[in-house]
$ cat query.cif   # mmCIF, C-alpha atoms (C1' of nucleotides)
data_run
#
loop_
_atom_site.group_PDB
_atom_site.id
_atom_site.type_symbol
_atom_site.label_atom_id
_atom_site.label_comp_id
_atom_site.auth_asym_id
_atom_site.auth_seq_id
_atom_site.Cartn_x
_atom_site.Cartn_y
_atom_site.Cartn_z
ATOM 1 C CA MET V 1 -25.475 -87.844 -1.202
ATOM 2 C CA THR V 2 -27.216 -84.948 -2.892
ATOM 3 C CA ASP V 3 -30.218 -83.135 -1.552
ATOM 4 C CA ILE V 4 -33.484 -85.002 -1.928
ATOM 5 C CA PHE V 5 -35.433 -81.778 -2.437
ATOM 6 C CA GLN V 6 -33.164 -80.709 -5.219
ATOM 7 C CA ALA V 7 -33.419 -84.160 -6.732
ATOM 8 C CA LEU V 8 -37.191 -83.836 -6.842
ATOM 9 C CA ALA V 9 -37.115 -80.319 -8.241
ATOM 10 C CA ASP V 10 -36.801 -81.447 -11.841
ATOM 11 C CA GLU V 11 -39.798 -82.722 -13.782
ATOM 12 C CA SER V 12 -37.735 -85.151 -15.874
ATOM 13 C CA ARG V 13 -36.486 -86.799 -12.709
ATOM 14 C CA ARG V 14 -40.021 -87.002 -11.353
ATOM 15 C CA LEU V 15 -41.112 -88.691 -14.562
ATOM 16 C CA LEU V 16 -38.280 -91.178 -14.165
ATOM 17 C CA LEU V 17 -39.522 -91.906 -10.652
ATOM 18 C CA ASP V 18 -42.989 -92.381 -12.131
ATOM 19 C CA ARG V 19 -41.603 -94.938 -14.535
ATOM 20 C CA LEU V 20 -39.769 -96.795 -11.813
ATOM 21 C CA PHE V 21 -42.881 -96.646 -9.693
ATOM 22 C CA GLU V 22 -44.792 -98.351 -12.470
ATOM 23 C CA LYS V 23 -42.113 -100.902 -13.098
ATOM 24 C CA GLY V 24 -38.947 -101.509 -11.129
ATOM 25 C CA GLY V 25 -35.750 -103.102 -12.366
ATOM 26 C CA GLN V 26 -35.358 -101.087 -15.552
ATOM 27 C CA SER V 27 -31.984 -100.456 -17.119
ATOM 28 C CA LEU V 28 -30.747 -97.112 -18.376
ATOM 29 C CA ASN V 29 -31.655 -98.048 -21.927
ATOM 30 C CA ASP V 30 -35.111 -99.135 -20.840
ATOM 31 C CA LEU V 31 -35.674 -95.767 -19.236
ATOM 32 C CA CYS V 32 -34.362 -93.926 -22.269
ATOM 33 C CA GLU V 33 -37.084 -95.438 -24.443
ATOM 34 C CA GLY V 34 -39.503 -92.712 -25.456
ATOM 35 C CA PHE V 35 -37.777 -90.182 -23.275
ATOM 36 C CA PRO V 36 -37.182 -86.869 -25.064
ATOM 37 C CA MET V 37 -33.547 -86.658 -24.104
ATOM 38 C CA SER V 38 -30.162 -88.148 -24.855
ATOM 39 C CA ARG V 39 -29.014 -91.255 -23.056
ATOM 40 C CA GLN V 40 -26.446 -89.270 -21.118
ATOM 41 C CA GLY V 41 -29.089 -86.829 -20.035
ATOM 42 C CA VAL V 42 -31.110 -89.632 -18.519
ATOM 43 C CA ALA V 43 -27.994 -91.134 -16.950
ATOM 44 C CA LYS V 44 -27.227 -87.828 -15.304
ATOM 45 C CA HIS V 45 -30.700 -87.622 -13.826
ATOM 46 C CA LEU V 46 -30.535 -91.181 -12.587
ATOM 47 C CA GLY V 47 -27.209 -90.408 -10.961
ATOM 48 C CA ILE V 48 -28.755 -87.518 -9.072
ATOM 49 C CA LEU V 49 -31.692 -89.641 -7.969
ATOM 50 C CA GLU V 50 -29.279 -92.312 -6.868
ATOM 51 C CA LYS V 51 -27.188 -89.929 -4.799
ATOM 52 C CA ALA V 52 -30.379 -88.648 -3.211
ATOM 53 C CA ASN V 53 -31.220 -92.226 -2.263
ATOM 54 C CA LEU V 54 -34.476 -92.112 -4.186
ATOM 55 C CA VAL V 55 -33.277 -94.786 -6.583
ATOM 56 C CA SER V 56 -31.300 -97.846 -5.666
ATOM 57 C CA VAL V 57 -29.483 -99.984 -8.198
ATOM 58 C CA HIS V 58 -28.618 -103.585 -8.736
ATOM 59 C CA TRP V 59 -26.007 -104.733 -11.222
ATOM 60 C CA GLN V 60 -26.778 -107.712 -13.362
ATOM 61 C CA GLY V 61 -23.981 -108.492 -15.795
ATOM 62 C CA ARG V 62 -23.420 -105.348 -17.809
ATOM 63 C CA SER V 63 -26.883 -104.028 -17.020
ATOM 64 C CA LYS V 64 -27.588 -101.668 -14.149
ATOM 65 C CA LEU V 65 -31.124 -102.143 -12.920
ATOM 66 C CA HIS V 66 -32.911 -99.271 -11.193
ATOM 67 C CA TYR V 67 -35.507 -99.391 -8.422
ATOM 68 C CA LEU V 68 -37.566 -96.691 -6.795
ATOM 69 C CA ASN V 69 -36.909 -96.113 -3.108
ATOM 70 C CA PRO V 70 -39.887 -94.213 -1.717
ATOM 71 C CA VAL V 71 -38.684 -94.213 1.873
ATOM 72 C CA PRO V 72 -36.998 -90.801 1.973
ATOM 73 C CA LEU V 73 -40.194 -89.218 0.692
ATOM 74 C CA ALA V 74 -41.939 -89.788 3.976
ATOM 75 C CA ASP V 75 -39.273 -87.790 5.760
ATOM 76 C CA ILE V 76 -40.094 -84.734 3.681
ATOM 77 C CA VAL V 77 -43.575 -84.493 5.072
ATOM 78 C CA HIS V 78 -42.305 -85.331 8.494
ATOM 79 C CA ARG V 79 -40.272 -82.155 8.600
ATOM 80 C CA TRP V 80 -43.261 -79.821 8.654
ATOM 81 C CA VAL V 81 -46.205 -81.855 9.784
ATOM 82 C CA GLY V 82 -44.344 -84.028 12.265
ATOM 83 C CA LYS V 83 -45.134 -82.351 15.537
ATOM 84 C CA PHE V 84 -48.435 -81.375 14.102
ATOM 85 C CA GLU V 85 -50.228 -84.674 13.910
ATOM 86 C CA ASP V 86 -47.517 -87.015 14.969
ATOM 87 C CA ALA V 87 -49.673 -89.986 15.767
ATOM 88 C CA ARG V 88 -51.091 -90.112 12.269
ATOM 89 C CA ILE V 89 -47.855 -89.474 10.463
ATOM 90 C CA ASP V 90 -46.310 -92.304 12.394
ATOM 91 C CA ALA V 91 -48.666 -94.591 10.554
ATOM 92 C CA LEU V 92 -47.043 -93.306 7.385
ATOM 93 C CA THR V 93 -43.500 -94.116 8.399
ATOM 94 C CA ASP V 94 -44.590 -97.497 9.599
ATOM 95 C CA PHE V 95 -44.207 -99.133 6.231
ATOM 96 C CA LYS V 96 -40.524 -98.234 6.037
ATOM 97 C CA ASP V 97 -39.675 -101.767 7.047
ATOM 98 C CA GLN V 98 -41.932 -103.334 4.474
ATOM 99 C CA ILE V 99 -40.480 -101.216 1.732
ATOM 100 C CA GLU V 100 -36.916 -101.981 2.644
ATOM 101 C CA ASP V 101 -37.599 -105.662 2.103
ATOM 102 C CA LYS V 102 -38.666 -105.061 -1.468
ATOM 103 C CA GLN V 103 -35.535 -103.231 -2.503
ATOM 104 C CA LYS V 104 -33.787 -105.548 -4.909
ATOM 105 C CA PRO V 105 -36.325 -108.135 -6.013
ATOM 106 C CA GLU V 106 -38.278 -107.954 -9.233
ATOM 107 C CA GLN V 107 -40.817 -105.712 -7.583
ATOM 108 C CA GLU V 108 -43.741 -106.305 -9.931
ATOM 109 C CA LYS V 109 -45.650 -107.566 -6.940
ATOM 110 C CA ARG V 110 -46.320 -103.898 -6.272
ATOM 111 C CA HIS V 111 -49.263 -103.835 -8.596
ATOM 112 C CA ALA V 112 -50.000 -107.445 -9.018
ATOM 113 C CA MET J 7 -49.133 -71.241 -9.072
ATOM 114 C CA THR J 8 -45.517 -72.345 -9.193
ATOM 115 C CA ASP J 9 -44.299 -75.875 -8.762
ATOM 116 C CA ILE J 10 -44.299 -77.112 -5.196
ATOM 117 C CA PHE J 11 -41.200 -79.236 -5.794
ATOM 118 C CA GLN J 12 -39.283 -76.320 -7.115
ATOM 119 C CA ALA J 13 -40.463 -74.223 -4.198
ATOM 120 C CA LEU J 14 -39.025 -76.773 -1.804
ATOM 121 C CA ALA J 15 -35.760 -77.081 -3.685
ATOM 122 C CA ASP J 16 -34.140 -74.108 -1.981
ATOM 123 C CA GLU J 17 -32.764 -74.364 1.549
ATOM 124 C CA SER J 18 -33.593 -70.748 2.389
ATOM 125 C CA ARG J 19 -37.214 -71.398 1.561
ATOM 126 C CA ARG J 20 -37.202 -74.545 3.671
ATOM 127 C CA LEU J 21 -35.829 -72.541 6.589
ATOM 128 C CA LEU J 22 -38.616 -70.032 6.121
ATOM 129 C CA LEU J 23 -41.116 -72.877 6.292
ATOM 130 C CA ASP J 24 -39.377 -74.040 9.460
ATOM 131 C CA ARG J 25 -39.870 -70.615 10.960
ATOM 132 C CA LEU J 26 -43.516 -70.501 10.014
ATOM 133 C CA PHE J 27 -43.916 -73.998 11.332
ATOM 134 C CA GLU J 28 -42.586 -72.815 14.690
ATOM 135 C CA LYS J 29 -44.679 -69.703 14.735
ATOM 136 C CA GLY J 30 -47.391 -68.669 12.300
ATOM 137 C CA GLY J 31 -48.573 -65.170 11.544
ATOM 138 C CA GLN J 32 -45.183 -63.571 11.028
ATOM 139 C CA SER J 33 -44.712 -60.547 8.814
ATOM 140 C CA LEU J 34 -42.023 -60.117 6.213
ATOM 141 C CA ASN J 35 -39.946 -58.038 8.611
ATOM 142 C CA ASP J 36 -40.356 -60.646 11.329
ATOM 143 C CA LEU J 37 -39.024 -63.313 9.003
ATOM 144 C CA CYS J 38 -36.130 -61.113 7.912
ATOM 145 C CA GLU J 39 -34.831 -60.950 11.464
ATOM 146 C CA GLY J 40 -31.587 -62.876 11.694
ATOM 147 C CA PHE J 41 -31.924 -64.077 8.134
ATOM 148 C CA PRO J 42 -28.681 -63.716 6.162
ATOM 149 C CA MET J 43 -30.303 -62.048 3.203
ATOM 150 C CA SER J 44 -31.811 -58.761 2.098
ATOM 151 C CA ARG J 45 -35.466 -58.043 2.751
ATOM 152 C CA GLN J 46 -36.234 -58.349 -0.953
ATOM 153 C CA GLY J 47 -34.529 -61.685 -1.065
ATOM 154 C CA VAL J 48 -36.809 -63.004 1.628
ATOM 155 C CA ALA J 49 -39.824 -61.424 -0.050
ATOM 156 C CA LYS J 50 -38.971 -63.204 -3.270
ATOM 157 C CA HIS J 51 -38.779 -66.552 -1.495
ATOM 158 C CA LEU J 52 -42.045 -65.954 0.301
ATOM 159 C CA GLY J 53 -43.648 -65.087 -3.011
ATOM 160 C CA ILE J 54 -42.542 -68.400 -4.460
ATOM 161 C CA LEU J 55 -43.812 -70.298 -1.427
ATOM 162 C CA GLU J 56 -47.086 -68.425 -1.705
ATOM 163 C CA LYS J 57 -47.531 -69.260 -5.368
ATOM 164 C CA ALA J 58 -46.783 -72.884 -4.540
ATOM 165 C CA ASN J 59 -49.571 -72.751 -1.967
ATOM 166 C CA LEU J 60 -47.196 -73.698 0.832
ATOM 167 C CA VAL J 61 -47.711 -70.362 2.537
ATOM 168 C CA SER J 62 -50.988 -68.522 2.875
ATOM 169 C CA VAL J 63 -51.233 -64.874 3.859
ATOM 170 C CA HIS J 64 -53.539 -62.604 5.750
ATOM 171 C CA TRP J 65 -53.374 -58.838 5.523
ATOM 172 C CA GLN J 66 -53.685 -56.878 8.709
ATOM 173 C CA GLY J 67 -53.355 -53.139 8.162
ATOM 174 C CA ARG J 68 -50.048 -52.613 6.432
ATOM 175 C CA SER J 69 -48.681 -55.926 7.620
ATOM 176 C CA LYS J 70 -48.857 -59.132 5.612
ATOM 177 C CA LEU J 71 -48.961 -62.092 7.939
ATOM 178 C CA HIS J 72 -47.686 -65.468 6.724
ATOM 179 C CA TYR J 73 -48.863 -68.940 7.656
ATOM 180 C CA LEU J 74 -47.544 -72.369 6.777
ATOM 181 C CA ASN J 75 -49.854 -74.545 4.748
ATOM 182 C CA PRO J 76 -48.636 -78.131 5.064
ATOM 183 C CA VAL J 77 -51.454 -79.666 3.057
ATOM 184 C CA PRO J 78 -49.743 -79.856 -0.349
ATOM 185 C CA LEU J 79 -46.859 -81.721 1.232
ATOM 186 C CA ALA J 80 -48.971 -84.801 1.693
ATOM 187 C CA ASP J 81 -49.623 -84.905 -2.034
ATOM 188 C CA ILE J 82 -45.914 -85.223 -2.725
ATOM 189 C CA VAL J 83 -45.693 -88.541 -0.977
ATOM 190 C CA HIS J 84 -48.988 -89.602 -2.452
ATOM 191 C CA ARG J 85 -47.524 -89.469 -5.935
ATOM 192 C CA TRP J 86 -45.116 -92.354 -5.414
ATOM 193 C CA VAL J 87 -46.386 -94.283 -2.440
ATOM 194 C CA GLY J 88 -50.082 -93.677 -3.062
ATOM 195 C CA LYS J 89 -51.148 -96.913 -4.676
ATOM 196 C CA PHE J 90 -48.602 -98.615 -2.555
ATOM 197 C CA GLU J 91 -50.101 -98.321 0.878
ATOM 198 C CA ASP J 92 -53.147 -96.254 0.195
ATOM 199 C CA ALA J 93 -55.062 -97.059 3.323
ATOM 200 C CA ARG J 94 -52.348 -95.691 5.557
ATOM 201 C CA ILE J 95 -51.633 -92.609 3.520
ATOM 202 C CA ASP J 96 -55.303 -91.773 3.659
ATOM 203 C CA ALA J 97 -54.868 -91.284 7.367
ATOM 204 C CA LEU J 98 -52.311 -88.638 6.501
ATOM 205 C CA THR J 99 -54.581 -86.656 4.218
ATOM 206 C CA ASP J 100 -57.365 -86.884 6.754
ATOM 207 C CA PHE J 101 -56.334 -83.760 8.588
ATOM 208 C CA LYS J 102 -56.705 -81.582 5.527
ATOM 209 C CA ASP J 103 -60.005 -80.335 6.904
ATOM 210 C CA GLN J 104 -58.570 -79.538 10.281
ATOM 211 C CA ILE J 105 -55.732 -77.562 8.754
ATOM 212 C CA GLU J 106 -57.950 -75.576 6.475
ATOM 213 C CA ASP J 107 -59.809 -74.281 9.518
ATOM 214 C CA LYS J 108 -56.621 -72.889 11.000
ATOM 215 C CA GLN J 109 -55.655 -70.871 7.979
ATOM 216 C CA LYS J 110 -56.082 -67.295 9.142
ATOM 217 C CA PRO J 111 -56.250 -67.374 12.970
ATOM 218 C CA GLU J 112 -53.345 -66.758 15.278
ATOM 219 C CA GLN J 113 -52.317 -70.393 14.998
ATOM 220 C CA GLU J 114 -50.221 -70.697 18.180
ATOM 221 C CA LYS J 115 -52.639 -73.404 19.246
ATOM 222 C CA ARG J 116 -50.521 -75.628 17.054
ATOM 223 C CA HIS J 117 -48.062 -76.283 19.847
ATOM 224 C CA ALA J 118 -50.021 -75.172 22.826
ATOM 225 C "C1'" DT K 7 -50.212 -33.130 5.020
ATOM 226 C "C1'" DT K 8 -45.931 -34.913 6.415
ATOM 227 C "C1'" DG K 9 -42.929 -38.565 7.845
ATOM 228 C "C1'" DA K 10 -42.026 -43.211 8.961
ATOM 229 C "C1'" DC K 11 -42.913 -47.910 8.231
ATOM 230 C "C1'" DA K 12 -44.106 -52.224 5.409
ATOM 231 C "C1'" DT K 13 -44.421 -54.259 1.220
ATOM 232 C "C1'" DG K 14 -44.097 -54.549 -4.205
ATOM 233 C "C1'" DC K 15 -41.861 -54.206 -8.705
ATOM 234 C "C1'" DA K 16 -37.962 -54.256 -11.954
ATOM 235 C "C1'" DA K 17 -33.373 -54.403 -13.645
ATOM 236 C "C1'" DC K 18 -29.223 -56.522 -13.080
ATOM 237 C "C1'" DC K 19 -25.316 -60.013 -12.009
ATOM 238 C "C1'" DA K 20 -23.113 -64.442 -10.619
ATOM 239 C "C1'" DT K 21 -23.788 -69.081 -10.150
ATOM 240 C "C1'" DT K 22 -26.084 -73.316 -10.883
ATOM 241 C "C1'" DT K 23 -28.146 -76.531 -13.720
ATOM 242 C "C1'" DA K 24 -30.236 -79.193 -17.658
ATOM 243 C "C1'" DG K 25 -28.946 -80.785 -21.700
ATOM 244 C "C1'" DT K 26 -25.682 -81.663 -25.427
ATOM 245 C "C1'" DT K 27 -21.576 -84.101 -27.895
ATOM 246 C "C1'" DG K 28 -17.457 -86.946 -27.895
ATOM 247 C "C1'" DC K 29 -14.681 -90.359 -26.142
ATOM 248 C "C1'" DA K 30 -13.455 -94.159 -22.667
ATOM 249 C "C1'" DT K 31 -14.337 -98.402 -20.180
ATOM 250 C "C1'" DA K 32 -16.413 -102.919 -19.184
ATOM 251 C "C1'" DA K 33 -18.970 -107.177 -20.290
ATOM 252 C "C1'" DT K 34 -21.335 -110.450 -23.437
ATOM 253 C "C1'" DA K 35 -21.719 -112.925 -28.174
ATOM 254 C "C1'" DG K 36 -19.563 -114.979 -32.058
ATOM 255 C "C1'" DC U 13 -9.689 -111.671 -30.458
ATOM 256 C "C1'" DT U 14 -13.253 -108.775 -32.413
ATOM 257 C "C1'" DA U 15 -18.027 -106.857 -32.488
ATOM 258 C "C1'" DT U 16 -21.430 -105.136 -30.091
ATOM 259 C "C1'" DT U 17 -23.898 -103.607 -26.236
ATOM 260 C "C1'" DA U 18 -24.321 -100.909 -21.819
ATOM 261 C "C1'" DT U 19 -22.648 -97.648 -18.949
ATOM 262 C "C1'" DG U 20 -19.243 -93.773 -17.266
ATOM 263 C "C1'" DC U 21 -16.641 -89.453 -17.522
ATOM 264 C "C1'" DA U 22 -15.620 -84.707 -19.128
ATOM 265 C "C1'" DA U 23 -16.090 -80.387 -21.524
ATOM 266 C "C1'" DC U 24 -19.173 -77.182 -23.179
ATOM 267 C "C1'" DT U 25 -23.569 -74.125 -23.920
ATOM 268 C "C1'" DA U 26 -28.012 -72.045 -22.993
ATOM 269 C "C1'" DA U 27 -31.253 -71.137 -19.673
ATOM 270 C "C1'" DA U 28 -32.916 -70.820 -14.989
ATOM 271 C "C1'" DT U 29 -32.143 -69.280 -10.365
ATOM 272 C "C1'" DG U 30 -30.685 -66.844 -6.040
ATOM 273 C "C1'" DG U 31 -29.393 -62.733 -4.611
ATOM 274 C "C1'" DT U 32 -28.494 -57.805 -5.025
ATOM 275 C "C1'" DT U 33 -29.773 -52.566 -5.421
ATOM 276 C "C1'" DG U 34 -32.953 -48.777 -6.411
ATOM 277 C "C1'" DC U 35 -37.283 -46.907 -6.619
ATOM 278 C "C1'" DA U 36 -42.515 -47.015 -6.196
ATOM 279 C "C1'" DT U 37 -46.765 -47.760 -3.659
ATOM 280 C "C1'" DG U 38 -49.665 -47.938 0.236
ATOM 281 C "C1'" DT U 39 -50.841 -47.467 5.344
ATOM 282 C "C1'" DC U 40 -50.547 -45.704 10.028
ATOM 283 C "C1'" DA U 41 -49.350 -41.849 13.462
ATOM 284 C "C1'" DA U 42 -48.964 -36.994 14.545
#
$ encode --input "query.cif" --output "structure tokens"
Amino acid sequence: MTDIFQALADESRRLLLDRLFEKGGQSLNDLCEGFPMSRQGVAKHLGILEKANLVSVHWQGRSKLHYLNPVPLADIVHRWVGKFEDARIDALTDFKDQIEDKQKPEQEKRHA
Amino acid sequence: MTDIFQALADESRRLLLDRLFEKGGQSLNDLCEGFPMSRQGVAKHLGILEKANLVSVHWQGRSKLHYLNPVPLADIVHRWVGKFEDARIDALTDFKDQIEDKQKPEQEKRHA
DNA sequence: TTGACATGCAACCATTTAGTTGCATAATAG
DNA sequence: CTATTATGCAACTAAATGGTTGCATGTCAA
């Protein structure tokens, strides 16, 4: 379980999150497509994101499918604005439950 | 203007934000107190936080007073959960205006 | 003006980290 | 079983980063 802040510190990893945000369930090779980096480079980044719990995976045969997990992101803000405007931030963390339901499925419903 | 993600990647900087979250308007020397690092080390971190717009400053005589600016934090979440549950996140960004008013004053009102 | 206090700048060093290449392992297709 | 496809592990290199020390600049008090 690596640090979420450190996981987000790299632009390549943020771009990978962008890709998974656009479309969940992509394999390593999918994510390598058009990415200016070797396959192992991407795999390394995905591993870091995984350990930080920002990406969850789902094996399907010999393919490892990746999904964005936005939940821990809310906690970041919570650290420094929590006491500040708690009532409103609580609205933010509300959708934790909804998100957790969408973890493994095909996820395209996100921008249907 | 350095990267906000990179600014948050270091634990020392996060602790400095914690301190400024607890009490705004602290000088460099104030923040050095009890911090396991040289004064210049702290100054370097504060400089990075400043350039990332997470800390704003206010000169008073020969003292530079530091204040936490939590606004950019909301944008982090917005990047990956924005389209997702926009209505609710909007509630989060609502208090931008309120925060911007509190930039220079003594700020203890925060947890009055 | 002198001295003390508060911050700023720059060079330097040790460690971490992003990326590479090469090889190993596991599962599907024929 | 053999090929191919998809991922995993390890060693290595170049660059970025966190922290240090030393000195410079600017402000307040006497």
$ resolve_selection --input "query.cif" --expression "the PyMOL selection byres ((chain K) within 8 of (chain V))" --output "PyMOL selection string"
chain K and resi 25-26+32-34
$ interface_residues --input "query.cif" --of "chain U" --to "chain V" --cutoff "12 Å" --atoms "all atoms listed in the file" --output "VMD selection string"
chain U and resid 17 to 22 28
$ closest_residue --input "query.cif" --among "J:Leu52, J:His72, J:Arg85, J:Met7" --to "Arg20 in chain J" --atoms "all atoms listed in the file"
J:Leu52
$ resolve_selection --input "query.cif" --expression "the PyMOL selection byres ((chain J) within 6 of (chain V))" --output "PDB file with C-alpha atoms, in the coordinates of the input"
ATOM      1  CA  PHE J  11     -41.200 -79.236  -5.794  1.00  0.00           C
ATOM      2  CA  GLN J  12     -39.283 -76.320  -7.115  1.00  0.00           C
ATOM      3  CA  ALA J  15     -35.760 -77.081  -3.685  1.00  0.00           C
ATOM      4  CA  LEU J  79     -46.859 -81.721   1.232  1.00  0.00           C
ATOM      5  CA  VAL J  83     -45.693 -88.541  -0.977  1.00  0.00           C
TER       6      VAL J  83
END
$ atom_distance --input "query.cif" --atom1 "C1' of DT31 in chain K" --atom2 "CA of Glu33 in chain V"
23.3 Å
$ axis_aligned_box --input "query.cif" --around "range 60-71 of chain J" --padding-each-side "4 Å" --output "lines of an AutoDock Vina configuration file"
center_x = -50.4
center_y = -63.2
center_z = 4.8
size_x = 14.5
size_y = 29.1
size_z = 15.9
$ atom_distance --input "query.cif" --atom1 "C1' of DA42 in chain U" --atom2 "CA of Trp65 in chain J"
24.0 Å
$ atom_distance --input "query.cif" --atom1 "CA of Leu49 in chain V" --atom2 "CA of Tyr67 in chain V"
10.5 Å
$ resolve_selection --input "query.cif" --expression "the PyMOL selection byres ((chain K and resi 35) around 9)" --output "short mmCIF file (atom, residue, chain, number, x, y, z; two decimals) with C-alpha atoms (C1' of nucleotides), in the frame of the given file"
data_model
loop_
_atom_site.label_atom_id
_atom_site.label_comp_id
_atom_site.auth_asym_id
_atom_site.auth_seq_id
_atom_site.Cartn_x
_atom_site.Cartn_y
_atom_site.Cartn_z
"C1'" DT K 34 -21.34 -110.45 -23.44
"C1'" DG K 36 -19.56 -114.98 -32.06
"C1'" DA U 15 -18.03 -106.86 -32.49
"C1'" DT U 16 -21.43 -105.14 -30.09
#
$ residues_around --input "query.cif" --residues "Leu71 in chain J" --least-positions-apart "4" --cutoff "12 Å" --atoms "all atoms listed in the file" --output "VMD selection string"
(chain J and resid 26 29 to 37 52 56 61 to 67 109 to 113) or (chain K and resid 12 to 13)
$ residues_around --input "query.cif" --residues "range 16-20 of chain K" --least-positions-apart "3" --cutoff "12 Å" --atoms "all atoms listed in the file" --output "ChimeraX atom specification"
/J:46 /U:29-36
